[in-house]
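Note: the block below is entry35.txt and it holds compact mmCIF, C-alpha atoms.
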```
# COMPACT_ATOMS: atom_id res chain seq x y z
CA MET E 3 1.90 -32.64 13.28
CA ALA E 4 -0.86 -30.08 13.69
CA PRO E 5 -1.76 -27.99 15.60
CA PHE E 6 1.65 -26.57 14.80
CA PHE E 7 1.81 -24.03 17.64
CA LYS E 8 1.09 -26.69 20.28
CA TYR E 9 3.91 -28.83 18.86
CA GLY E 10 6.35 -25.94 19.15
CA PHE E 11 6.78 -25.18 15.44
CA PHE E 12 6.80 -21.45 16.20
CA THR E 13 6.89 -19.01 19.11
CA GLU E 14 4.10 -17.07 20.73
CA GLN E 15 5.32 -13.90 18.96
CA THR E 16 4.92 -15.59 15.58
CA GLY E 17 1.51 -16.71 16.79
CA LEU E 18 0.48 -13.06 17.13
CA ILE E 19 1.47 -12.38 13.50
CA ILE E 20 -0.58 -15.41 12.47
CA ALA E 21 -3.48 -14.00 14.52
CA LEU E 22 -3.24 -10.77 12.54
CA ILE E 23 -3.21 -12.60 9.18
CA LEU E 24 -6.08 -14.93 10.12
CA GLY E 25 -7.96 -11.85 11.33
CA VAL E 26 -7.53 -10.18 7.94
CA SER E 27 -9.07 -13.24 6.31
CA PHE E 28 -11.86 -13.39 8.93
CA GLY E 29 -12.74 -9.72 8.40
CA PHE E 30 -12.56 -10.04 4.63
CA TRP E 31 -15.04 -12.92 4.49
CA LEU E 32 -17.40 -11.31 7.01
CA GLU E 33 -17.52 -8.19 4.84
CA ARG E 34 -17.90 -10.22 1.61
CA ALA E 35 -20.96 -11.93 3.10
CA GLY E 36 -22.53 -8.53 3.89
CA PHE E 37 -22.06 -8.80 7.66
CA GLY E 38 -20.85 -5.20 7.99
CA TYR E 39 -24.43 -4.09 7.37
CA SER E 40 -26.73 -4.37 10.40
CA ARG E 41 -29.97 -4.49 8.43
CA LYS E 42 -28.77 -7.43 6.38
CA LEU E 43 -27.96 -9.30 9.60
CA ALA E 44 -31.27 -8.37 11.24
CA LEU E 45 -33.45 -9.38 8.26
CA GLN E 46 -32.46 -12.94 9.21
CA PHE E 47 -34.92 -12.63 12.10
CA TYR E 48 -37.81 -11.81 9.72
CA PHE E 49 -37.00 -14.71 7.36
CA LYS E 50 -36.26 -12.18 4.61
CA ASP E 51 -32.54 -12.85 4.28
CA MET E 52 -31.11 -16.10 5.63
CA THR E 53 -27.48 -15.23 4.89
CA VAL E 54 -26.40 -15.40 8.56
CA LEU E 55 -27.58 -18.97 9.00
CA ASN E 56 -26.20 -20.08 5.61
CA VAL E 57 -22.76 -18.57 6.19
CA MET E 58 -22.51 -19.85 9.76
CA PHE E 59 -23.51 -23.39 8.95
CA THR E 60 -21.32 -23.57 5.84
CA ALA E 61 -18.35 -22.41 7.93
CA ILE E 62 -19.12 -24.81 10.80
CA VAL E 63 -19.48 -27.78 8.42
CA VAL E 64 -16.24 -26.95 6.56
CA ALA E 65 -14.16 -26.50 9.73
CA MET E 66 -15.76 -29.48 11.48
CA LEU E 67 -15.20 -31.88 8.57
CA GLY E 68 -11.67 -30.55 8.11
CA LEU E 69 -10.86 -31.25 11.76
CA LEU E 70 -12.33 -34.75 11.65
CA LEU E 71 -10.63 -35.71 8.36
CA PHE E 72 -7.21 -34.31 9.34
CA SER E 73 -7.50 -36.18 12.63
CA LEU E 74 -8.53 -39.37 10.80
CA PHE E 75 -5.52 -39.10 8.46
CA GLY E 76 -3.29 -38.66 11.51
CA TRP E 77 -2.21 -35.15 10.51
CA LEU E 78 -3.75 -33.44 13.51
CA ASP E 79 -3.94 -34.29 17.19
CA ILE E 80 -7.53 -33.42 18.02
CA THR E 81 -6.87 -33.66 21.77
CA LYS E 82 -4.70 -30.53 21.47
CA ILE E 83 -7.50 -28.43 19.94
CA TYR E 84 -9.14 -25.98 22.35
CA ILE E 85 -12.69 -26.90 23.21
CA ASN E 86 -14.86 -24.21 24.76
CA PRO E 87 -15.68 -25.31 28.31
CA THR E 88 -19.38 -25.82 28.85
CA TYR E 89 -21.24 -23.94 31.57
CA LEU E 90 -24.67 -25.10 30.55
CA TRP E 91 -26.98 -22.67 32.34
CA ALA E 92 -24.67 -19.67 32.18
CA GLN E 93 -24.30 -20.14 28.43
CA LEU E 94 -28.01 -20.79 27.89
CA ILE E 95 -28.99 -17.62 29.79
CA GLY E 96 -26.10 -15.61 28.29
CA GLY E 97 -27.15 -16.79 24.83
CA LEU E 98 -30.74 -15.67 25.41
CA ILE E 99 -29.54 -12.24 26.58
CA LEU E 100 -27.16 -11.97 23.64
CA GLY E 101 -29.93 -12.94 21.20
CA VAL E 102 -32.16 -10.11 22.50
CA GLY E 103 -29.23 -7.74 21.99
CA PHE E 104 -28.70 -9.10 18.47
CA ALA E 105 -32.28 -8.32 17.35
CA ILE E 106 -32.18 -4.84 18.94
CA GLY E 107 -28.59 -3.90 18.12
CA GLY E 108 -28.35 -5.55 14.71
CA TYR E 109 -24.75 -6.67 15.15
CA CYS E 110 -22.71 -9.14 17.10
CA PRO E 111 -19.25 -8.18 18.40
CA GLY E 112 -17.19 -9.39 15.40
CA THR E 113 -19.54 -8.04 12.74
CA SER E 114 -19.76 -4.64 14.48
CA VAL E 115 -16.01 -4.23 13.99
CA VAL E 116 -16.45 -4.86 10.25
CA GLY E 117 -19.40 -2.45 10.23
CA ALA E 118 -17.33 0.25 11.91
CA VAL E 119 -14.38 0.08 9.48
CA THR E 120 -16.71 0.15 6.47
CA GLY E 121 -18.36 3.39 7.66
CA HIS E 122 -21.53 2.19 9.40
CA VAL E 123 -22.27 4.79 12.07
CA ASP E 124 -24.65 2.51 13.98
CA ALA E 125 -21.77 0.04 14.44
CA TYR E 126 -19.88 2.67 16.49
CA PHE E 127 -22.87 3.11 18.79
CA PHE E 128 -23.16 -0.67 19.06
CA LEU E 129 -19.47 -0.99 19.95
CA GLY E 130 -19.80 1.71 22.59
CA GLY E 131 -22.81 -0.13 24.00
CA ALA E 132 -21.04 -3.49 23.98
CA MET E 133 -18.10 -2.08 25.91
CA PHE E 134 -20.51 -0.46 28.37
CA GLY E 135 -22.34 -3.79 28.84
CA MET E 136 -19.04 -5.55 29.47
CA PHE E 137 -18.08 -2.88 31.98
CA VAL E 138 -21.37 -3.40 33.80
CA PHE E 139 -20.80 -7.16 33.84
CA GLY E 140 -17.32 -6.64 35.29
CA GLU E 141 -18.67 -4.29 37.96
CA MET E 142 -21.38 -6.76 38.93
CA PHE E 143 -19.08 -9.77 38.73
CA PRO E 144 -18.76 -10.46 42.47
CA SER E 145 -22.53 -10.93 42.73
CA LEU E 146 -22.77 -12.81 39.39
CA GLU E 147 -20.10 -15.39 40.07
CA GLY E 148 -22.57 -18.13 40.98
CA LEU E 149 -24.56 -17.60 37.78
CA TYR E 150 -21.33 -17.36 35.74
CA ASN E 151 -20.27 -20.85 36.89
CA TRP E 152 -23.73 -22.43 36.81
CA GLY E 153 -23.80 -25.76 35.02
CA ALA E 154 -20.03 -26.35 34.78
CA MET E 155 -19.44 -29.54 32.80
CA GLY E 156 -15.84 -29.14 31.63
CA ASP E 157 -14.63 -29.46 28.02
CA VAL E 158 -17.43 -31.75 26.90
CA ARG E 159 -18.44 -32.42 23.32
CA LEU E 160 -21.81 -33.54 21.97
CA SER E 161 -20.37 -37.01 21.36
CA ASP E 162 -19.56 -37.30 25.10
CA VAL E 163 -23.01 -36.42 26.42
CA PHE E 164 -24.91 -38.47 23.83
CA ASN E 165 -22.35 -41.27 24.01
CA ILE E 166 -22.02 -41.61 20.23
CA SER E 167 -19.05 -41.21 17.91
CA SER E 168 -17.97 -37.81 16.55
CA GLY E 169 -18.60 -39.09 13.03
CA VAL E 170 -22.28 -39.64 13.78
CA VAL E 171 -22.58 -36.19 15.37
CA ALA E 172 -20.84 -34.67 12.33
CA LEU E 173 -23.26 -36.45 9.99
CA ALA E 174 -26.18 -35.08 12.02
CA VAL E 175 -24.71 -31.55 11.76
CA VAL E 176 -24.33 -31.89 7.98
CA ILE E 177 -27.94 -33.07 7.65
CA LEU E 178 -29.12 -30.23 9.92
CA ALA E 179 -27.17 -27.72 7.80
CA ILE E 180 -28.73 -29.00 4.55
CA LEU E 181 -32.20 -28.82 6.13
CA PHE E 182 -31.47 -25.23 7.24
CA PHE E 183 -30.26 -24.26 3.74
CA LEU E 184 -33.36 -25.71 2.04
CA GLY E 185 -35.75 -24.48 4.74
CA GLY E 186 -34.15 -21.04 4.67
CA GLU E 187 -34.65 -20.71 0.94
CA TRP E 188 -38.28 -21.74 1.28
CA LEU E 189 -38.83 -19.23 4.10
CA GLU E 190 -37.15 -16.41 2.15
CA ASN E 191 -39.55 -16.96 -0.74
CA LYS E 192 -42.54 -17.19 1.59
CA PHE E 193 -41.75 -14.04 3.60
CA GLY E 194 -40.49 -11.93 0.68
CA LYS E 195 -36.79 -12.12 0.06
CA GLU E 196 -34.97 -8.81 0.22
CA GLY E 197 -31.88 -8.81 -1.92
CA LEU E 198 -29.46 -6.53 -0.12
CA MET H 16 -17.52 3.55 -7.81
CA LYS H 17 -20.79 1.63 -7.82
CA GLU H 18 -21.25 -0.79 -4.94
CA LYS H 19 -20.70 -4.38 -5.96
CA PRO H 20 -23.13 -7.04 -4.71
CA TYR H 21 -22.21 -9.25 -1.76
CA TRP H 22 -20.85 -12.69 -2.53
CA SER H 23 -22.89 -15.86 -2.19
CA PRO H 24 -23.32 -16.95 1.45
CA TYR H 25 -21.94 -20.37 0.55
CA VAL H 26 -18.75 -18.88 -0.93
CA SER H 27 -18.31 -16.57 2.07
CA GLY H 28 -19.10 -19.45 4.42
CA LEU H 29 -16.47 -21.60 2.71
CA GLY H 30 -13.88 -18.82 3.07
CA LEU H 31 -14.82 -18.36 6.72
CA GLY H 32 -14.72 -22.10 7.36
CA ILE H 33 -11.26 -22.45 5.82
CA THR H 34 -10.05 -19.50 7.93
CA LEU H 35 -11.40 -21.18 11.06
CA LEU H 36 -9.85 -24.52 10.07
CA LEU H 37 -6.49 -22.80 9.52
CA ALA H 38 -6.73 -21.32 13.02
CA PHE H 39 -7.24 -24.83 14.43
CA VAL H 40 -4.42 -26.33 12.34
CA LEU H 41 -1.89 -23.56 13.00
CA MET H 42 -2.76 -22.51 16.55
CA GLY H 43 -4.98 -25.23 17.98
CA ARG H 44 -7.68 -22.66 18.73
CA GLY H 45 -10.57 -20.95 16.97
CA LEU H 46 -11.54 -17.36 16.23
CA GLY H 47 -13.17 -14.82 18.52
CA ALA H 48 -14.17 -11.21 19.05
CA SER H 49 -15.72 -10.32 22.39
CA GLY H 50 -12.60 -11.29 24.36
CA ALA H 51 -10.67 -8.57 22.56
CA MET H 52 -13.39 -6.04 23.38
CA MET H 53 -13.21 -6.98 27.04
CA ARG H 54 -9.51 -6.15 26.94
CA PHE H 55 -10.14 -2.73 25.41
CA THR H 56 -12.84 -2.08 28.02
CA THR H 57 -10.55 -3.10 30.87
CA ALA H 58 -7.67 -0.98 29.54
CA LEU H 59 -10.00 2.02 29.35
CA VAL H 60 -11.23 1.58 32.93
CA ASP H 61 -7.64 0.97 34.02
CA LEU H 62 -6.66 4.43 32.72
CA PHE H 63 -9.02 6.13 35.15
CA ALA H 64 -9.23 3.72 38.07
CA HIS H 65 -6.26 1.39 38.31
CA ASP H 66 -6.83 0.36 41.94
CA HIS H 67 -10.46 -0.36 41.22
CA VAL H 68 -9.51 -2.68 38.34
CA MET H 69 -6.97 -4.54 40.46
CA ALA H 70 -9.50 -5.01 43.27
CA ASN H 71 -12.00 -6.72 40.93
CA PRO H 72 -11.00 -10.30 40.08
CA TYR H 73 -12.80 -10.22 36.73
CA PHE H 74 -11.14 -7.01 35.48
CA ALA H 75 -7.77 -7.94 36.97
CA LYS H 76 -7.69 -11.09 34.82
CA TYR H 77 -7.68 -8.95 31.67
CA ALA H 78 -5.59 -6.04 32.96
CA GLU H 79 -2.09 -7.47 32.69
CA ASN H 80 -0.57 -6.77 29.25
CA PRO H 81 -4.08 -6.24 27.85
CA PHE H 82 -2.99 -5.80 24.22
CA SER H 83 -0.34 -8.49 23.96
CA ASN H 84 -3.02 -11.04 23.27
CA TRP H 85 -3.96 -13.36 20.43
CA LEU H 86 -7.54 -12.11 20.09
CA VAL H 87 -6.46 -8.45 20.09
CA TYR H 88 -4.13 -9.07 17.14
CA GLU H 89 -6.83 -11.07 15.42
CA ILE H 90 -9.33 -8.21 15.80
CA LEU H 91 -6.78 -5.72 14.39
CA GLY H 92 -6.62 -8.07 11.40
CA VAL H 93 -10.43 -8.11 11.17
CA MET H 94 -10.35 -4.31 10.91
CA ILE H 95 -7.83 -4.45 8.05
CA GLY H 96 -9.59 -7.31 6.23
CA GLY H 97 -13.04 -5.77 6.57
CA PHE H 98 -11.77 -2.40 5.34
CA LEU H 99 -9.96 -3.95 2.34
CA SER H 100 -12.98 -6.01 1.31
CA GLY H 101 -15.26 -2.99 1.60
CA MET H 102 -12.82 -0.85 -0.38
CA LEU H 103 -12.45 -3.39 -3.20
CA ALA H 104 -16.25 -3.58 -3.50
CA GLY H 105 -16.81 0.20 -3.27
CA ARG H 106 -18.81 -0.20 -0.07
CA ASN H 107 -16.80 2.01 2.31
CA LYS H 108 -18.88 5.11 2.97
CA TRP H 109 -20.58 6.74 5.96
CA ARG H 110 -24.14 5.57 6.55
CA THR H 111 -26.45 4.09 9.17
CA GLY H 112 -27.91 0.62 8.69
CA ARG H 113 -31.68 0.81 9.31
CA GLY H 114 -35.10 0.00 7.86
CA PRO H 115 -37.18 2.60 5.98
CA ASN H 116 -39.39 3.41 9.00
CA ILE H 117 -36.91 4.63 11.60
CA SER H 118 -34.77 7.77 11.89
CA LYS H 119 -31.03 7.36 12.11
CA HIS H 120 -30.93 8.95 15.57
CA LYS H 121 -33.42 6.46 16.95
CA ARG H 122 -31.43 3.68 15.31
CA TRP H 123 -28.29 4.87 17.11
CA VAL H 124 -30.09 4.62 20.46
CA TYR H 125 -31.22 1.07 19.66
CA ALA H 126 -27.71 0.16 18.49
CA PHE H 127 -26.21 1.32 21.79
CA ALA H 128 -28.89 -0.42 23.88
CA GLY H 129 -28.60 -3.67 21.90
CA GLY H 130 -24.84 -3.51 22.16
CA ALA H 131 -25.00 -3.10 25.94
CA ILE H 132 -27.32 -6.11 26.31
CA MET H 133 -25.09 -8.16 24.02
CA GLY H 134 -21.87 -7.14 25.78
CA PHE H 135 -23.32 -8.32 29.09
CA GLY H 136 -24.58 -11.58 27.57
CA ALA H 137 -21.28 -12.30 25.85
CA ARG H 138 -19.37 -12.05 29.13
CA LEU H 139 -21.86 -14.28 30.94
CA SER H 140 -21.54 -16.91 28.17
CA ARG H 141 -17.73 -16.64 27.96
CA GLY H 142 -17.97 -15.89 24.25
CA CYS H 143 -20.02 -14.53 21.39
CA THR H 144 -21.16 -15.63 17.96
CA SER H 145 -17.55 -16.06 16.76
CA GLY H 146 -15.78 -17.39 19.83
CA LEU H 147 -18.50 -19.68 21.14
CA ALA H 148 -21.15 -20.38 18.46
CA LEU H 149 -18.81 -20.68 15.45
CA THR H 150 -15.69 -22.07 17.14
CA GLY H 151 -17.58 -24.18 19.67
CA GLY H 152 -19.98 -25.27 16.92
CA ALA H 153 -17.17 -26.60 14.73
CA THR H 154 -15.49 -28.44 17.64
CA LEU H 155 -18.91 -29.86 18.64
CA ALA H 156 -18.66 -28.34 22.12
CA VAL H 157 -21.91 -28.77 24.05
CA GLY H 158 -21.89 -25.17 25.30
CA GLY H 159 -21.37 -23.83 21.78
CA TRP H 160 -24.48 -25.53 20.45
CA VAL H 161 -26.67 -24.71 23.46
CA PHE H 162 -25.54 -21.09 23.17
CA MET H 163 -26.17 -20.93 19.40
CA PHE H 164 -29.76 -22.16 19.68
CA ALA H 165 -30.41 -19.85 22.64
CA VAL H 166 -29.14 -16.85 20.62
CA PHE H 167 -31.35 -17.58 17.62
CA ALA H 168 -34.41 -18.43 19.76
CA ALA H 169 -34.17 -15.15 21.69
CA ALA H 170 -33.45 -13.08 18.59
CA TYR H 171 -36.47 -14.50 16.72
CA ALA H 172 -38.66 -13.93 19.81
CA THR H 173 -37.48 -10.31 20.12
CA ALA H 174 -37.70 -9.48 16.41
CA TYR H 175 -41.45 -8.80 16.42
CA PHE H 176 -41.07 -6.05 19.03
CA VAL H 177 -38.38 -4.15 17.13
CA ARG H 178 -39.75 -4.69 13.62
CA LYS H 179 -40.15 -0.94 13.01
CA GLN H 180 -36.41 -0.73 13.17
CA TRP H 181 -35.70 -3.14 10.32
CA ILE H 182 -38.70 -3.70 8.00
```

Serialized structure, structure tokens:
Amino acid sequence: MAPFFKYGFFTEQTGLIIALILGVSFGFWLERAGFGYSRKLALQFYFKDMTVLNVMFTAIVVAMLGLLLFSLFGWLDITKIYINPTYLWAQLIGGLILGVGFAIGGYCPGTSVVGAVTGHVDAYFFLGGAMFGMFVFGEMFPSLEGLYNWGAMGDVRLSDVFNISSGVVALAVVILAILFFLGGEWLENKFGKEGL
Amino acid sequence: MKEKPYWSPYVSGLGLGITLLLAFVLMGRGLGASGAMMRFTTALVDLFAHDHVMANPYFAKYAENPFSNWLVYEILGVMIGGFLSGMLAGRNKWRTGRGPNISKHKRWVYAFAGGAIMGFGARLSRGCTSGLALTGGATLAVGGWVFMFAVFAAAYATAYFVRKQWI
């Protein structure tokens, strides 16, 4: 039964090899989508190229439905899947800070790695900046600890807080994704699509 | 070789989604990026100031065997996969991503500044667009969704002020 690692099908060492292989696939698809190119990512924020939203929501819907179906068929124990712990206010504020950095820097951490290996010089400056920002966070950590733990709620899912089934949440996500796809196309045409 | 066009976002999204699903099925966890960067940062600081790293609880957490880590191997894979995809499409060449109205040197300054802001934000959130928005989004984690909407809201609000950089 999946997840295979949690059921002891292979060792931690084998897990690292799997990490490498999954990473190759991750990097490949990010580059295919055009995410090695900062301007293509940033044009999302001017409604001129909605690729970021389309790729993200397609990926979320595919992985989400896969998890739910495999769990429904009894192939996968969903309780053994890692769920990011929620720290509501820390993640809200961190997300706002990260979003400002996204518009200014043009990359996010994963895409900057793809940018760097495909020869984008700005990605190297971004990476240097990101490491500097993380260093600053680490240095300031003792005084940031309260903020870092603000809004701790544990491993909660949307279905827990809204008290509805995961299937209903999944349906809402699918509808939201379709609305984003259609709305994105409309916005691209309205604001002048740039085909990069 | 002429550069080939990027693939459809829905095809790339499907490939990315299947990759993420495989990570859940095989490992029981999702993908990520900023955690690996934190390990590189800590290892670098550790080279120059080992005692300082050990005295700081946040650095110390990442300092033990910094590279024998799932996310570090995954990011090495991302480097290989990104390079291969770029090579196959004839896209691997030196350049700076920028709009027509900004010099490349100014763009480098913005890239560093934006990176620094993002690095700080990613640590505060315990994840970035891959580790928290994408992975947390697919597992329907509350924090993942709150984070995702916060990222997009702030980026759209900031875009107007840096438009010379991109359009």

What's around Ile132 in chain H at 12 Å? Count all atoms listed in the file, leave out sequence neighbours fewer than 5 positions away in its own chain, and write the answer as a ChimeraX atom specification. /E:96-111,128-139 /H:125-127,137-139

Find, counting only C-alpha atoms, the residue in E:Val123, E:Ile95, E:Leu149, E:Ala118 that gets nearest to Ala169 in chain H. E:Ile95

Could you work out an axis-aligned box for range 148-151 of chain E, taking every atom the file lists and adding 6 Å on each side, and report centre and edge lengths in Å to one decimal, as JSON?
```
{"center_x": -22.4, "center_y": -19.1, "center_z": 38.4, "size_x": 16.3, "size_y": 15.5, "size_z": 17.2}
```

Select, from E:Val57, E:Leu198, E:Leu189, E:Leu70, the residue with the minimum atom-to-atom distance to Tyr21 in chain H, counting all atoms listed in the file. E:Leu198

So how far away is CA of Ala38 in chain H from CA of Ser168 in chain E, in Å? 20.3 Å

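Here the question is which of E:Asn165, E:Phe7, E:Gly156, E:Ser73 gets nearest to Ala21 in chain E using only C-alpha atoms, and that residue is E:Phe7.
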
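From CA of Val158 in chain E back to CA of Phe183 in chain E, the distance works out to 27.5 Å.
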
Once you count only C-alpha atoms, which residues end up no further than 12 Å from (-2.7, -5.5, 31.4) in the file's frame, shown as JSON, numbers by chain? {"H": [53, 54, 55, 56, 57, 58, 59, 60, 61, 62, 65, 68, 69, 74, 75, 76, 77, 78, 79, 80, 81, 82, 83, 84]}

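Interatomic distance, CA of Ala156 in chain H to CA of Gly140 in chain E: 25.4 Å.
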
Identify, on the basis of only C-alpha atoms, every residue whose closest approach to range 118-123 of chain H does not exceed 9 Å; exclude the query and any residue fewer than 4 positions from it along the same chain; express the result as a list in words. Gly107, Val123, Asp124, Ala125, Tyr126, Phe127 and Phe128 of chain E; Thr111, Gly112, Arg113, Gly114, Phe127, Ala128 and Gln180 of chain H

I need the residues from that last selection saved to file as an mmCIF file, in the frame of the given file (with C-alpha atoms), if you can.
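File written: part_10.cif
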```
data_model
loop_
_atom_site.group_PDB
_atom_site.id
_atom_site.type_symbol
_atom_site.label_atom_id
_atom_site.label_comp_id
_atom_site.auth_asym_id
_atom_site.auth_seq_id
_atom_site.Cartn_x
_atom_site.Cartn_y
_atom_site.Cartn_z
ATOM 1 C CA GLY E 107 -28.590 -3.900 18.120
ATOM 2 C CA VAL E 123 -22.270 4.790 12.070
ATOM 3 C CA ASP E 124 -24.650 2.510 13.980
ATOM 4 C CA ALA E 125 -21.770 0.040 14.440
ATOM 5 C CA TYR E 126 -19.880 2.670 16.490
ATOM 6 C CA PHE E 127 -22.870 3.110 18.790
ATOM 7 C CA PHE E 128 -23.160 -0.670 19.060
ATOM 8 C CA THR H 111 -26.450 4.090 9.170
ATOM 9 C CA GLY H 112 -27.910 0.620 8.690
ATOM 10 C CA ARG H 113 -31.680 0.810 9.310
ATOM 11 C CA GLY H 114 -35.100 0.000 7.860
ATOM 12 C CA PHE H 127 -26.210 1.320 21.790
ATOM 13 C CA ALA H 128 -28.890 -0.420 23.880
ATOM 14 C CA GLN H 180 -36.410 -0.730 13.170
#
```

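Of the residues under consideration (E:Thr13, E:Ser145, E:Ser40, E:Thr81), E:Ser40 shows the shortest atom-to-atom contact distance to chain H when counting all atoms listed in the file.
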